[in-house]
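Undergrad: Here you go, this is coords_5.txt (compact mmCIF, C-alpha atoms and all ligand atoms).
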```txt
# COMPACT_ATOMS: atom_id res chain seq x y z
CA MET O 1 103.96 136.64 97.48
CA HIS O 2 103.81 132.85 97.58
CA LYS O 3 104.31 130.68 100.64
CA LEU O 4 107.39 128.57 100.08
CA CYS O 5 108.15 126.70 103.29
CA LEU O 6 109.17 127.14 106.87
CA TYR O 7 112.70 128.23 107.77
CA SER O 8 113.10 124.95 109.67
CA ASP O 9 112.38 122.99 106.47
CA ILE O 10 115.85 123.99 105.20
CA PRO O 11 118.43 123.14 107.86
CA GLU O 12 121.83 124.84 107.81
CA GLY O 13 124.06 123.35 105.09
CA SER O 14 121.20 122.04 102.99
CA ALA O 15 119.23 122.97 99.88
CA LYS O 16 115.73 122.11 98.75
CA GLY O 17 113.96 122.31 95.42
CA PHE O 18 110.44 123.65 94.88
CA GLU O 19 108.09 124.24 91.99
CA ILE O 20 105.61 127.10 92.15
CA ASP O 21 103.35 127.98 89.23
CA GLY O 22 105.60 125.94 86.95
CA ARG O 23 108.77 127.72 88.05
CA LYS O 24 111.52 125.63 89.58
CA ILE O 25 113.45 127.25 92.39
CA VAL O 26 116.07 126.21 94.91
CA ALA O 27 116.38 127.48 98.47
CA CYS O 28 119.65 127.09 100.40
CA ASN O 29 120.55 127.63 104.01
CA TYR O 30 124.19 128.68 104.12
CA ARG O 31 125.63 129.71 107.48
CA GLU O 32 122.13 130.34 108.87
CA ASN O 33 121.16 132.62 105.96
CA ILE O 34 118.62 131.74 103.29
CA TYR O 35 119.40 132.24 99.58
CA ILE O 36 116.86 131.47 96.88
CA TYR O 37 117.52 131.13 93.15
CA GLU O 38 115.77 130.01 90.03
CA ASN O 39 116.67 126.35 89.49
CA SER O 40 118.15 126.92 86.06
CA CYS O 41 121.81 126.69 85.12
CA PRO O 42 122.86 129.75 83.07
CA HIS O 43 124.93 127.44 80.84
CA ARG O 44 122.05 125.52 79.26
CA SER O 45 118.95 126.78 81.10
CA ILE O 46 118.25 123.37 82.60
CA PRO O 47 117.66 122.33 86.23
CA LEU O 48 120.75 122.07 88.40
CA GLU O 49 120.14 118.97 90.49
CA TRP O 50 120.86 115.32 89.65
CA GLN O 51 118.46 113.90 92.24
CA PRO O 52 115.72 115.60 94.26
CA ASP O 53 117.23 118.20 96.61
CA GLN O 54 120.83 117.35 95.59
CA PHE O 55 122.13 120.81 94.74
CA LEU O 56 125.28 121.25 96.79
CA ASP O 57 128.82 120.01 96.28
CA TYR O 58 130.38 117.46 98.62
CA GLU O 59 131.59 120.08 101.09
CA LYS O 60 128.33 122.01 100.91
CA THR O 61 130.08 125.25 100.06
CA PHE O 62 128.82 125.64 96.47
CA ILE O 63 125.72 124.96 94.41
CA GLN O 64 126.84 122.48 91.77
CA CYS O 65 125.20 121.91 88.39
CA ALA O 66 124.91 118.17 87.82
CA THR O 67 125.24 118.37 84.05
CA HIS O 68 128.72 119.87 83.52
CA GLY O 69 129.77 120.56 87.10
CA ALA O 70 129.56 124.38 87.22
CA LEU O 71 130.04 125.68 90.77
CA PHE O 72 128.10 128.69 92.05
CA LYS O 73 128.71 130.66 95.24
CA ILE O 74 125.73 130.09 97.50
CA ASP O 75 125.59 133.67 98.79
CA THR O 76 125.82 135.47 95.44
CA GLY O 77 124.92 132.87 92.79
CA VAL O 78 128.07 133.73 90.82
CA CYS O 79 129.67 130.87 88.88
CA ILE O 80 133.32 130.44 89.86
CA ALA O 81 134.16 127.26 87.91
CA GLY O 82 132.80 125.41 84.90
CA PRO O 83 131.57 126.41 81.46
CA CYS O 84 129.66 129.54 82.55
CA VAL O 85 132.22 131.29 84.80
CA ASP O 86 131.07 134.77 85.87
CA ASP O 87 127.45 134.07 84.90
CA LYS O 88 124.95 134.16 87.76
CA LEU O 89 122.02 132.18 89.00
CA ASN O 90 118.85 134.26 88.94
CA LYS O 91 118.11 135.42 92.48
CA ILE O 92 114.52 135.17 93.74
CA ALA O 93 113.32 137.86 96.14
CA PHE O 94 111.80 136.64 99.37
CA ILE O 95 110.81 137.75 102.84
CA GLN O 96 110.68 135.90 106.10
CA GLU O 97 107.69 136.41 108.38
CA GLY O 98 108.41 134.57 111.59
CA GLU O 99 109.10 130.97 110.51
CA GLN O 100 107.41 131.38 107.12
CA ILE O 101 109.41 132.10 103.96
CA LEU O 102 107.49 133.86 101.19
CA VAL O 103 108.85 134.31 97.67
CA GLU O 104 108.09 136.93 95.06
CA LEU O 105 107.76 135.38 91.62
S1 LIG S 201 124.17 122.90 82.14
FE1 LIG S 201 125.04 123.50 84.04
S2 LIG S 201 127.15 123.45 83.67
FE2 LIG S 201 126.28 122.90 81.75
```
Could you spell out this file's structure in structure tokens?
TA:
Amino acid sequence: MHKLCLYSDIPEGSAKGFEIDGRKIVACNYRENIYIYENSCPHRSIPLEWQPDQFLDYEKTFIQCATHGALFKIDTGVCIAGPCVDDKLNKIAFIQEGEQILVEL
């Protein structure tokens, strides 16, 4: 398990990018629940964001790939629009110990 961040580092309605041991990941807080995925679009296997920590669409209801605009459900990682519909972001297992979020890579 690797320490990622504190729960309070990812306020509700936001997402944050991290790199651990060369692996890029994105953690989202959606409706007070944390979801963590590999930061790699299943369409071209490239990072999703266009600027640091810019992962969500305007309404903060989907993770949006900056390259071709694919939209992914934050809670499941399933693509619902764009060139890779029905593909999924790769979910990263994690646990929360008090305030600390730990990921399994
Ligand atoms: S690389 Fe993400 S939609 Fe094309």
Undergrad: Output as a tab-separated table one row per residue of chain O within 7 Å of ligand LIG 201 (chain S): the closest atom pair and its distance in Å to one decimal place, counting all atoms listed in the file, sorted by chain and residue number ascending.
TA:
```
residue	atom	partner	partner_atom	distance
O:Cys41	CA	S:LIG201	FE1	4.7
O:Pro42	CA	S:LIG201	FE1	6.7
O:His43	CA	S:LIG201	S1	4.8
O:Arg44	CA	S:LIG201	S1	4.4
O:Ser45	CA	S:LIG201	S1	6.6
O:Ile46	CA	S:LIG201	S1	6.0
O:Leu48	CA	S:LIG201	FE1	6.3
O:Cys65	CA	S:LIG201	FE1	4.6
O:Ala66	CA	S:LIG201	FE1	6.5
O:Thr67	CA	S:LIG201	S1	5.0
O:His68	CA	S:LIG201	S2	3.9
O:Gly69	CA	S:LIG201	S2	5.2
O:Ala70	CA	S:LIG201	S2	4.4
O:Gly82	CA	S:LIG201	S2	6.1
O:Pro83	CA	S:LIG201	S2	5.8
O:Cys84	CA	S:LIG201	S2	6.7
```
Undergrad: In Å, how far is it from CA of Arg31 in chain O to CA of Lys73 in chain O?
TA: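 Value for the CA of Arg31 in chain O-CA of Lys73 in chain O distance: 12.7 Å.
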Undergrad: So that I can check the surroundings of Glu104 in chain O, please list as a PDB file with C-alpha atoms, keeping the file's coordinate frame every protein, DNA and RNA residue that reaches within 12 Å of it, counting all atoms listed in the file and ignoring chain neighbours fewer than 4 positions away.
TA:
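Contents of result02.pdb, as written:
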```pdb
ATOM      1  CA  MET O   1     103.960 136.640  97.480  1.00  0.00           C
ATOM      2  CA  HIS O   2     103.810 132.850  97.580  1.00  0.00           C
ATOM      3  CA  LYS O   3     104.310 130.680 100.640  1.00  0.00           C
ATOM      4  CA  LEU O   4     107.390 128.570 100.080  1.00  0.00           C
ATOM      5  CA  ILE O  20     105.610 127.100  92.150  1.00  0.00           C
ATOM      6  CA  ASP O  21     103.350 127.980  89.230  1.00  0.00           C
ATOM      7  CA  ARG O  23     108.770 127.720  88.050  1.00  0.00           C
ATOM      8  CA  ILE O  25     113.450 127.250  92.390  1.00  0.00           C
ATOM      9  CA  ILE O  36     116.860 131.470  96.880  1.00  0.00           C
ATOM     10  CA  TYR O  37     117.520 131.130  93.150  1.00  0.00           C
ATOM     11  CA  GLU O  38     115.770 130.010  90.030  1.00  0.00           C
ATOM     12  CA  LYS O  91     118.110 135.420  92.480  1.00  0.00           C
ATOM     13  CA  ILE O  92     114.520 135.170  93.740  1.00  0.00           C
ATOM     14  CA  ALA O  93     113.320 137.860  96.140  1.00  0.00           C
ATOM     15  CA  PHE O  94     111.800 136.640  99.370  1.00  0.00           C
ATOM     16  CA  ILE O  95     110.810 137.750 102.840  1.00  0.00           C
ATOM     17  CA  GLN O  96     110.680 135.900 106.100  1.00  0.00           C
TER      18      GLN O  96
END
```
Undergrad: Show me the residues close to (123.4, 129.2, 110.8) - anything with an atom within 10 Å, counting only C-alpha atoms - and format the list as a VMD selection string.
TA: chain O and resid 11 to 13 29 to 34
Undergrad: From the list O:Gly22, O:Tyr35, O:Ala81, O:Thr61, which residue is nearest Ile101 in chain O when using all atoms listed in the file?
TA: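 Going through O:Gly22, O:Tyr35, O:Ala81, O:Thr61 one by one, the smallest distance to Ile101 in chain O is for O:Tyr35.
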Undergrad: Just give me the gap between CA of Gln54 in chain O and CA of Ser8 in chain O in Å, one decimal is fine.
TA: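 So the two atoms, CA of Gln54 in chain O and CA of Ser8 in chain O, lie 17.8 Å apart.
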Undergrad: Point out the residue among O:Ala15, O:Leu56, O:Cys5, O:Ile63 with the least atom-to-atom distance to Ala27 in chain O, counting only C-alpha atoms.
TA: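 Among the listed residues, the smallest separation from Ala27 in chain O belongs to O:Ala15.
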Undergrad: Here is a test: counting only C-alpha atoms, which residue of O:Gly17, O:Phe72, O:Tyr7, O:Val26 is nearest to Lys60 in chain O?
TA: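 Closest to Lys60 in chain O of all the choices is O:Phe72.
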Undergrad: Please, what distance in Å, to one decimal, runs between CA of Leu6 in chain O and CA of Lys24 in chain O?
TA: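 CA of Leu6 in chain O sits 17.5 Å away from CA of Lys24 in chain O.
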Undergrad: Restricting the calculation to all atoms listed in the file: of O:Leu105, O:Ser14, O:Ile80, O:Glu97, which residue gets closest to Glu59 in chain O?
TA: O:Ser14
Undergrad: Around all of range 46-60 of chain O's listed atoms, make the axis-aligned box with 4 Å on each side and tell me centre and edge lengths in Å to one decimal, as AutoDock Vina command-line options.
TA:
```
--center_x 123.7 --center_y 118.6 --center_z 91.8 --size_x 23.9 --size_y 17.5 --size_z 26.5
```
